[in-house]
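Asker: Take a look at the following structure, please.
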Amino acid sequence: MSRNLLKNPSGDEELEFWELTENGGSQWKVEDMPGDCGHDFSSDGVSKYFATSFELCLKRQVIDLLAEGYSADQLDAQPAVTVEDWYCGRTDCGCTYQLSVDLLDENQEVIQEFRSEPVTLDPDCDDCSWKQVSHTFTDYGPGLRFISWEHGGQDTKFWEGWFGVRITGSSLTIDV
């Protein structure tokens, strides 16, 4: 099993290790599962999630793969890079979710990118329980040295507080 390269993927350390690229509304917050009007999460060991607000909230990590112990030869062999993220909405308010992951070269120029489909959850017509988005990068060419991960969202009713998308269990692995 490959190790998760994202630090603090479920909020156990509040917002530590995350660059808050958009921190709108009432700003990012970490809450305990299942939260108000929330859903239980099926994975053992995950007890918290990141909550978004009524204006866009995005957070980012850039992983330096050489600093993480991978060699240039290992990375130039184009190992599979797997992205997994979990998100849900509240049962009383709609929300939006987005995920962007970029494979970057030594100059942090994009080699290949993944953008999740735009997601809008409406509790009046959607099951707002925890859902997973995943993607595996392959055949992206040599030169991978960094990976940029950014995700977030907001609520759709512009309610004061933390009624936007909830995110947890984020995972970024390299199959070496």
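Here, A, B, ... name the chains of the structure tokens in the order displayed, residue numbers run from 1 inside each chain, and ligands are numbered from 1 in the same displayed order.
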Residues within 12 Å of range 76-82 of chain A, please, as JSON, numbers by chain. Count only C-alpha atoms; anything in the same chain fewer than 5 positions from it doesn't count.

Answerer: {"A": [1, 2, 3, 4, 5, 6, 65, 66, 70, 71, 101, 102, 103, 105, 106, 111, 112, 113, 114, 133, 134, 135, 136, 137, 138, 139, 140, 141, 142, 143, 144, 145, 146, 147, 149, 170, 171, 172, 173, 174, 175, 176]}

Asker: Residues within 7 Å of Val165 in chain A, please, as number ranges by chain. Count only C-alpha atoms; anything in the same chain fewer than 5 positions from it doesn't count.

Answerer: A: 51-52, 87-89, 95-97, 153-155

Asker: Based on the selection just made, write N, CA, C and O atoms of those residues as a CSV table (one decimal), in the first residue's frame.

Answerer:
chain,number,residue,atom,x,y,z
A,51,ALA,N,-15.2,21.9,6.6
A,51,ALA,CA,-16.5,22.5,6.2
A,51,ALA,C,-16.3,23.8,5.5
A,51,ALA,O,-15.4,24.6,6.0
A,52,THR,N,-17.0,24.1,4.5
A,52,THR,CA,-17.0,25.3,3.7
A,52,THR,C,-18.1,26.2,4.1
A,52,THR,O,-19.1,25.8,4.8
A,87,TYR,N,-16.6,13.8,-0.4
A,87,TYR,CA,-17.3,15.1,-0.1
A,87,TYR,C,-18.8,14.7,0.1
A,87,TYR,O,-19.3,13.7,-0.3
A,88,CYS,N,-19.5,15.6,0.9
A,88,CYS,CA,-20.9,15.4,1.1
A,88,CYS,C,-21.5,16.8,1.3
A,88,CYS,O,-20.8,17.8,1.6
A,89,GLY,N,-22.8,16.8,1.3
A,89,GLY,CA,-23.6,18.0,1.6
A,89,GLY,C,-24.4,17.8,2.9
A,89,GLY,O,-24.4,16.7,3.4
A,95,CYS,N,-25.0,22.7,-1.9
A,95,CYS,CA,-23.6,23.1,-2.0
A,95,CYS,C,-22.9,22.7,-3.3
A,95,CYS,O,-23.5,21.9,-4.1
A,96,THR,N,-21.7,23.3,-3.5
A,96,THR,CA,-20.9,22.9,-4.7
A,96,THR,C,-19.6,22.4,-4.2
A,96,THR,O,-19.1,22.7,-3.1
A,97,TYR,N,-19.0,21.6,-5.1
A,97,TYR,CA,-17.7,20.9,-4.8
A,97,TYR,C,-16.8,21.0,-6.0
A,97,TYR,O,-17.3,20.8,-7.1
A,153,GLY,N,-15.3,24.4,-2.1
A,153,GLY,CA,-16.6,24.6,-2.6
A,153,GLY,C,-17.3,25.7,-1.7
A,153,GLY,O,-16.6,26.5,-1.0
A,154,GLN,N,-18.6,25.7,-1.7
A,154,GLN,CA,-19.4,26.6,-0.9
A,154,GLN,C,-20.8,26.1,-0.8
A,154,GLN,O,-21.2,25.2,-1.5
A,155,ASP,N,-21.7,26.9,0.0
A,155,ASP,CA,-23.1,26.5,0.0
A,155,ASP,C,-23.8,27.3,-1.2
A,155,ASP,O,-23.2,28.1,-1.8

Asker: Would you kindly return, as a short mmCIF file (atom, residue, chain, number, x, y, z; two decimals) with C-alpha atoms, in the first residue's frame, each protein, DNA or RNA residue with an atom no farther than 7 Å from any atom of Asn23 in chain A, considering only C-alpha atoms and excluding same-chain residues fewer than 6 positions away?

Answerer:
data_model
loop_
_atom_site.label_atom_id
_atom_site.label_comp_id
_atom_site.auth_asym_id
_atom_site.auth_seq_id
_atom_site.Cartn_x
_atom_site.Cartn_y
_atom_site.Cartn_z
CA LEU A 56 -15.90 30.09 -2.09
CA CYS A 57 -13.48 28.20 0.14
CA LEU A 58 -10.47 26.51 -1.52
#

Asker: Pick out the residues sitting within 12 Å of Glu13 in chain A, and hand them over as a list of chain:residue names; count only C-alpha atoms, and ignore anything fewer than 4 positions along from it in its own chain.

Answerer: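 Near Glu13 in chain A, the qualifying residues are A:Lys7, A:Asn8, A:Pro9, A:Phe17, A:Trp18, A:Lys29, A:Val30, A:Glu31, A:Ser47, A:Lys48, A:Tyr49, A:Phe50.
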
Asker: Could you write out that same residue set with all heavy atoms as an mmCIF file, in the first residue's frame?

Answerer:
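Saved to part25.cif:
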data_model
loop_
_atom_site.group_PDB
_atom_site.id
_atom_site.type_symbol
_atom_site.label_atom_id
_atom_site.label_comp_id
_atom_site.auth_asym_id
_atom_site.auth_seq_id
_atom_site.Cartn_x
_atom_site.Cartn_y
_atom_site.Cartn_z
ATOM 1 N N LYS A 7 -0.719 15.825 3.692
ATOM 2 C CA LYS A 7 -0.628 15.960 5.143
ATOM 3 C C LYS A 7 -1.970 16.475 5.666
ATOM 4 O O LYS A 7 -2.583 17.338 5.052
ATOM 5 C CB LYS A 7 0.504 16.912 5.513
ATOM 6 C CG LYS A 7 1.883 16.361 5.151
ATOM 7 C CD LYS A 7 2.975 17.391 5.408
ATOM 8 C CE LYS A 7 4.361 16.836 5.162
ATOM 9 N NZ LYS A 7 4.594 16.326 3.832
ATOM 10 N N ASN A 8 -2.424 15.920 6.789
ATOM 11 C CA ASN A 8 -3.671 16.340 7.421
ATOM 12 C C ASN A 8 -4.866 16.219 6.458
ATOM 13 O O ASN A 8 -5.577 17.187 6.207
ATOM 14 C CB ASN A 8 -3.529 17.771 7.948
ATOM 15 C CG ASN A 8 -4.678 18.192 8.817
ATOM 16 O OD1 ASN A 8 -5.377 17.377 9.410
ATOM 17 N ND2 ASN A 8 -4.886 19.492 8.898
ATOM 18 N N PRO A 9 -5.118 15.021 5.925
ATOM 19 C CA PRO A 9 -6.158 14.859 4.905
ATOM 20 C C PRO A 9 -7.598 14.931 5.416
ATOM 21 O O PRO A 9 -8.517 15.085 4.616
ATOM 22 C CB PRO A 9 -5.866 13.468 4.334
ATOM 23 C CG PRO A 9 -5.227 12.736 5.465
ATOM 24 C CD PRO A 9 -4.397 13.770 6.184
ATOM 25 N N PHE A 17 -0.928 22.586 7.484
ATOM 26 C CA PHE A 17 -0.362 22.100 6.207
ATOM 27 C C PHE A 17 -1.149 22.540 4.972
ATOM 28 O O PHE A 17 -0.725 22.268 3.858
ATOM 29 C CB PHE A 17 -0.210 20.569 6.182
ATOM 30 C CG PHE A 17 0.599 20.034 7.316
ATOM 31 C CD1 PHE A 17 0.000 19.292 8.322
ATOM 32 C CD2 PHE A 17 1.961 20.291 7.404
ATOM 33 C CE1 PHE A 17 0.748 18.801 9.382
ATOM 34 C CE2 PHE A 17 2.715 19.806 8.455
ATOM 35 C CZ PHE A 17 2.100 19.059 9.449
ATOM 36 N N TRP A 18 -2.281 23.204 5.132
ATOM 37 C CA TRP A 18 -3.084 23.644 3.990
ATOM 38 C C TRP A 18 -2.895 25.138 3.763
ATOM 39 O O TRP A 18 -2.968 25.930 4.699
ATOM 40 C CB TRP A 18 -4.563 23.341 4.211
ATOM 41 C CG TRP A 18 -4.876 21.879 4.184
ATOM 42 C CD1 TRP A 18 -5.003 21.052 5.256
ATOM 43 C CD2 TRP A 18 -5.072 21.066 3.033
ATOM 44 N NE1 TRP A 18 -5.273 19.773 4.841
ATOM 45 C CE2 TRP A 18 -5.320 19.747 3.473
ATOM 46 C CE3 TRP A 18 -5.059 21.319 1.656
ATOM 47 C CZ2 TRP A 18 -5.557 18.697 2.593
ATOM 48 C CZ3 TRP A 18 -5.299 20.268 0.779
ATOM 49 C CH2 TRP A 18 -5.543 18.981 1.256
ATOM 50 N N LYS A 29 -13.597 25.669 8.297
ATOM 51 C CA LYS A 29 -13.723 25.212 9.677
ATOM 52 C C LYS A 29 -13.608 23.690 9.679
ATOM 53 O O LYS A 29 -14.007 23.032 8.723
ATOM 54 C CB LYS A 29 -15.081 25.624 10.245
ATOM 55 C CG LYS A 29 -15.294 25.245 11.695
ATOM 56 C CD LYS A 29 -16.668 25.695 12.166
ATOM 57 C CE LYS A 29 -16.872 25.323 13.626
ATOM 58 N NZ LYS A 29 -18.234 25.639 14.071
ATOM 59 N N VAL A 30 -13.051 23.140 10.757
ATOM 60 C CA VAL A 30 -13.010 21.689 10.938
ATOM 61 C C VAL A 30 -14.078 21.319 11.954
ATOM 62 O O VAL A 30 -14.202 21.963 13.004
ATOM 63 C CB VAL A 30 -11.615 21.222 11.410
ATOM 64 C CG1 VAL A 30 -11.624 19.742 11.732
ATOM 65 C CG2 VAL A 30 -10.571 21.536 10.340
ATOM 66 N N GLU A 31 -14.890 20.297 11.633
ATOM 67 C CA GLU A 31 -15.964 19.842 12.513
ATOM 68 C C GLU A 31 -15.853 18.344 12.741
ATOM 69 O O GLU A 31 -15.226 17.632 11.957
ATOM 70 C CB GLU A 31 -17.338 20.168 11.906
ATOM 71 C CG GLU A 31 -17.585 21.654 11.751
ATOM 72 C CD GLU A 31 -18.955 22.004 11.197
ATOM 73 O OE1 GLU A 31 -19.635 21.121 10.623
ATOM 74 O OE2 GLU A 31 -19.350 23.163 11.321
ATOM 75 N N SER A 47 -12.722 10.923 11.772
ATOM 76 C CA SER A 47 -13.695 11.453 12.733
ATOM 77 C C SER A 47 -13.972 12.944 12.540
ATOM 78 O O SER A 47 -14.779 13.517 13.252
ATOM 79 C CB SER A 47 -13.193 11.207 14.161
ATOM 80 O OG SER A 47 -11.972 11.886 14.365
ATOM 81 N N LYS A 48 -13.293 13.567 11.572
ATOM 82 C CA LYS A 48 -13.466 15.002 11.325
ATOM 83 C C LYS A 48 -13.590 15.257 9.825
ATOM 84 O O LYS A 48 -13.278 14.395 9.010
ATOM 85 C CB LYS A 48 -12.267 15.787 11.875
ATOM 86 C CG LYS A 48 -12.108 15.711 13.387
ATOM 87 C CD LYS A 48 -10.918 16.549 13.834
ATOM 88 C CE LYS A 48 -10.707 16.465 15.325
ATOM 89 N NZ LYS A 48 -11.743 17.116 16.094
ATOM 90 N N TYR A 49 -14.038 16.465 9.500
ATOM 91 C CA TYR A 49 -14.104 16.892 8.105
ATOM 92 C C TYR A 49 -13.885 18.399 8.042
ATOM 93 O O TYR A 49 -14.013 19.110 9.034
ATOM 94 C CB TYR A 49 -15.447 16.519 7.468
ATOM 95 C CG TYR A 49 -16.645 17.116 8.167
ATOM 96 C CD1 TYR A 49 -17.074 18.407 7.878
ATOM 97 C CD2 TYR A 49 -17.336 16.405 9.137
ATOM 98 C CE1 TYR A 49 -18.147 18.965 8.523
ATOM 99 C CE2 TYR A 49 -18.420 16.951 9.792
ATOM 100 C CZ TYR A 49 -18.820 18.233 9.481
ATOM 101 O OH TYR A 49 -19.878 18.792 10.140
ATOM 102 N N PHE A 50 -13.547 18.875 6.846
ATOM 103 C CA PHE A 50 -13.408 20.304 6.575
ATOM 104 C C PHE A 50 -14.757 20.814 6.079
ATOM 105 O O PHE A 50 -15.351 20.213 5.177
ATOM 106 C CB PHE A 50 -12.361 20.551 5.498
ATOM 107 C CG PHE A 50 -10.975 20.086 5.865
ATOM 108 C CD1 PHE A 50 -10.498 18.862 5.419
ATOM 109 C CD2 PHE A 50 -10.148 20.866 6.658
ATOM 110 C CE1 PHE A 50 -9.218 18.431 5.737
ATOM 111 C CE2 PHE A 50 -8.868 20.449 6.984
ATOM 112 C CZ PHE A 50 -8.402 19.224 6.529
#

Asker: Record the distance separating CA of Gln132 in chain A and CA of Arg90 in chain A, expressed in Å with one decimal.

Answerer: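 Interatomic distance here is 15.7 Å.
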
Asker: So which bits of chain A end up helix (DSSP H, G or I) when you DSSP the backbone, as a tab-separated table (two decimals) with N, CA, C and O atoms, in the first residue's frame?

Answerer:
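The resulting file, out_37.tsv, is reproduced below:
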chain	number	residue	atom	x	y	z
A	72	ALA	N	14.43	10.90	-9.13
A	72	ALA	CA	14.05	11.35	-10.47
A	72	ALA	C	13.80	10.15	-11.38
A	72	ALA	O	12.87	10.16	-12.19
A	73	ASP	N	14.62	9.10	-11.25
A	73	ASP	CA	14.43	7.90	-12.07
A	73	ASP	C	13.09	7.24	-11.79
A	73	ASP	O	12.39	6.81	-12.72
A	74	GLN	N	12.72	7.14	-10.51
A	74	GLN	CA	11.41	6.55	-10.16
A	74	GLN	C	10.28	7.37	-10.79
A	74	GLN	O	9.34	6.80	-11.36
A	75	LEU	N	10.37	8.66	-10.69
A	75	LEU	CA	9.30	9.53	-11.21
A	75	LEU	C	9.27	9.55	-12.73
A	75	LEU	O	8.19	9.59	-13.33
A	76	ASP	N	10.45	9.50	-13.38
A	76	ASP	CA	10.50	9.51	-14.83
A	76	ASP	C	9.98	8.20	-15.44
A	76	ASP	O	9.66	8.15	-16.62

Asker: Taking the chain letters and numbering used in this document, name the residues of range 83-172 of chain A that DSSP puts in strand (DSSP E or B), as an MDAnalysis selection string.

Answerer: chainID A and resid 83:88 95:104 110:115 119:121 131:137 146:155 166:172

Asker: The selected residues should be written to file as a short mmCIF file (atom, residue, chain, number, x, y, z; two decimals), in the first residue's frame (atoms: N, CA and C atoms).

Answerer:
data_model
loop_
_atom_site.label_atom_id
_atom_site.label_comp_id
_atom_site.auth_asym_id
_atom_site.auth_seq_id
_atom_site.Cartn_x
_atom_site.Cartn_y
_atom_site.Cartn_z
N VAL A 83 -5.56 9.76 -7.14
CA VAL A 83 -6.22 10.85 -6.41
C VAL A 83 -7.56 10.32 -5.91
N GLU A 84 -7.86 10.51 -4.62
CA GLU A 84 -9.17 10.16 -4.08
C GLU A 84 -9.60 11.24 -3.10
N ASP A 85 -10.86 11.63 -3.16
CA ASP A 85 -11.38 12.64 -2.25
C ASP A 85 -12.83 12.29 -1.93
N TRP A 86 -13.26 12.62 -0.72
CA TRP A 86 -14.63 12.36 -0.26
C TRP A 86 -15.30 13.69 0.05
N TYR A 87 -16.55 13.84 -0.38
CA TYR A 87 -17.31 15.06 -0.12
C TYR A 87 -18.77 14.71 0.14
N CYS A 88 -19.46 15.58 0.86
CA CYS A 88 -20.91 15.43 1.05
C CYS A 88 -21.52 16.79 1.32
N CYS A 95 -24.97 22.67 -1.94
CA CYS A 95 -23.56 23.07 -1.96
C CYS A 95 -22.93 22.71 -3.29
N THR A 96 -21.74 23.27 -3.51
CA THR A 96 -20.94 22.93 -4.68
C THR A 96 -19.60 22.39 -4.20
N TYR A 97 -18.98 21.55 -5.05
CA TYR A 97 -17.68 20.94 -4.75
C TYR A 97 -16.83 20.95 -6.01
N GLN A 98 -15.51 21.13 -5.83
CA GLN A 98 -14.57 21.04 -6.94
C GLN A 98 -13.23 20.52 -6.47
N LEU A 99 -12.52 19.83 -7.37
CA LEU A 99 -11.18 19.31 -7.11
C LEU A 99 -10.33 19.52 -8.34
N SER A 100 -9.11 20.04 -8.14
CA SER A 100 -8.14 20.23 -9.21
C SER A 100 -6.80 19.65 -8.75
N VAL A 101 -6.24 18.76 -9.56
CA VAL A 101 -4.92 18.19 -9.26
C VAL A 101 -4.06 18.35 -10.50
N ASP A 102 -2.85 18.91 -10.31
CA ASP A 102 -1.92 19.13 -11.40
C ASP A 102 -0.63 18.38 -11.14
N LEU A 103 -0.16 17.64 -12.14
CA LEU A 103 1.18 17.07 -12.12
C LEU A 103 2.11 18.14 -12.69
N LEU A 104 3.19 18.45 -11.96
CA LEU A 104 4.05 19.57 -12.32
C LEU A 104 5.49 19.12 -12.52
N VAL A 110 2.64 22.80 -15.63
CA VAL A 110 1.71 21.67 -15.70
C VAL A 110 2.11 20.67 -16.77
N ILE A 111 2.22 19.40 -16.37
CA ILE A 111 2.44 18.28 -17.29
C ILE A 111 1.09 17.68 -17.68
N GLN A 112 0.25 17.46 -16.68
CA GLN A 112 -1.08 16.90 -16.90
C GLN A 112 -1.97 17.38 -15.76
N GLU A 113 -3.25 17.55 -16.03
CA GLU A 113 -4.17 18.04 -15.00
C GLU A 113 -5.43 17.19 -14.94
N PHE A 114 -6.04 17.21 -13.77
CA PHE A 114 -7.35 16.59 -13.56
C PHE A 114 -8.26 17.62 -12.90
N ARG A 115 -9.45 17.80 -13.45
CA ARG A 115 -10.49 18.65 -12.88
C ARG A 115 -11.73 17.79 -12.70
N VAL A 119 -19.75 19.76 -9.37
CA VAL A 119 -20.74 19.06 -8.56
C VAL A 119 -21.58 20.08 -7.81
N THR A 120 -22.89 19.95 -7.93
CA THR A 120 -23.83 20.71 -7.10
C THR A 120 -24.75 19.70 -6.44
N LEU A 121 -24.82 19.73 -5.12
CA LEU A 121 -25.70 18.85 -4.37
C LEU A 121 -26.88 19.66 -3.83
N LYS A 131 -19.68 10.94 -0.92
CA LYS A 131 -19.38 10.41 -2.25
C LYS A 131 -17.88 10.56 -2.50
N GLN A 132 -17.34 9.65 -3.31
CA GLN A 132 -15.92 9.70 -3.61
C GLN A 132 -15.69 10.11 -5.06
N VAL A 133 -14.70 10.95 -5.26
CA VAL A 133 -14.20 11.24 -6.60
C VAL A 133 -12.79 10.65 -6.65
N SER A 134 -12.46 10.01 -7.77
CA SER A 134 -11.12 9.44 -7.90
C SER A 134 -10.65 9.55 -9.34
N HIS A 135 -9.33 9.55 -9.47
CA HIS A 135 -8.70 9.62 -10.79
C HIS A 135 -7.30 9.04 -10.68
N THR A 136 -6.86 8.35 -11.72
CA THR A 136 -5.49 7.84 -11.76
C THR A 136 -4.79 8.40 -13.00
N PHE A 137 -3.67 9.07 -12.76
CA PHE A 137 -2.83 9.58 -13.85
C PHE A 137 -1.90 8.46 -14.31
N PHE A 146 6.55 17.70 -8.85
CA PHE A 146 5.64 18.27 -7.86
C PHE A 146 4.21 17.87 -8.22
N ILE A 147 3.33 17.87 -7.22
CA ILE A 147 1.90 17.70 -7.46
C ILE A 147 1.17 18.78 -6.67
N SER A 148 0.28 19.48 -7.36
CA SER A 148 -0.57 20.49 -6.73
C SER A 148 -1.98 19.92 -6.57
N TRP A 149 -2.52 20.04 -5.37
CA TRP A 149 -3.88 19.56 -5.04
C TRP A 149 -4.65 20.75 -4.50
N GLU A 150 -5.82 21.04 -5.08
CA GLU A 150 -6.68 22.10 -4.56
C GLU A 150 -8.13 21.66 -4.64
N HIS A 151 -8.85 21.83 -3.53
CA HIS A 151 -10.26 21.45 -3.52
C HIS A 151 -11.05 22.37 -2.59
N GLY A 152 -12.38 22.31 -2.74
CA GLY A 152 -13.25 23.12 -1.89
C GLY A 152 -14.62 23.29 -2.50
N GLY A 153 -15.28 24.36 -2.09
CA GLY A 153 -16.63 24.65 -2.56
C GLY A 153 -17.30 25.68 -1.68
N GLN A 154 -18.63 25.65 -1.66
CA GLN A 154 -19.39 26.60 -0.86
C GLN A 154 -20.84 26.13 -0.82
N ASP A 155 -21.68 26.85 -0.01
CA ASP A 155 -23.10 26.51 -0.02
C ASP A 155 -23.79 27.26 -1.16
N ARG A 166 -18.72 19.49 2.59
CA ARG A 166 -17.84 18.93 3.61
C ARG A 166 -16.88 17.98 2.91
N ILE A 167 -15.62 18.01 3.32
CA ILE A 167 -14.58 17.23 2.65
C ILE A 167 -13.74 16.49 3.68
N THR A 168 -13.40 15.22 3.37
CA THR A 168 -12.54 14.46 4.27
C THR A 168 -11.88 13.31 3.51
N GLY A 169 -10.98 12.62 4.17
CA GLY A 169 -10.39 11.40 3.61
C GLY A 169 -9.65 11.58 2.31
N SER A 170 -9.07 12.75 2.09
CA SER A 170 -8.35 13.03 0.85
C SER A 170 -7.10 12.14 0.78
N SER A 171 -6.79 11.65 -0.42
CA SER A 171 -5.65 10.76 -0.58
C SER A 171 -4.95 10.98 -1.91
N LEU A 172 -3.62 11.03 -1.85
CA LEU A 172 -2.78 11.17 -3.04
C LEU A 172 -1.64 10.17 -2.90
#

Asker: Taking into account only C-alpha atoms, which residue in the set A:Ser53, A:Asn107, A:Ser10, A:Asp44 is nearest to Asp32 in chain A?

Answerer: A:Ser10
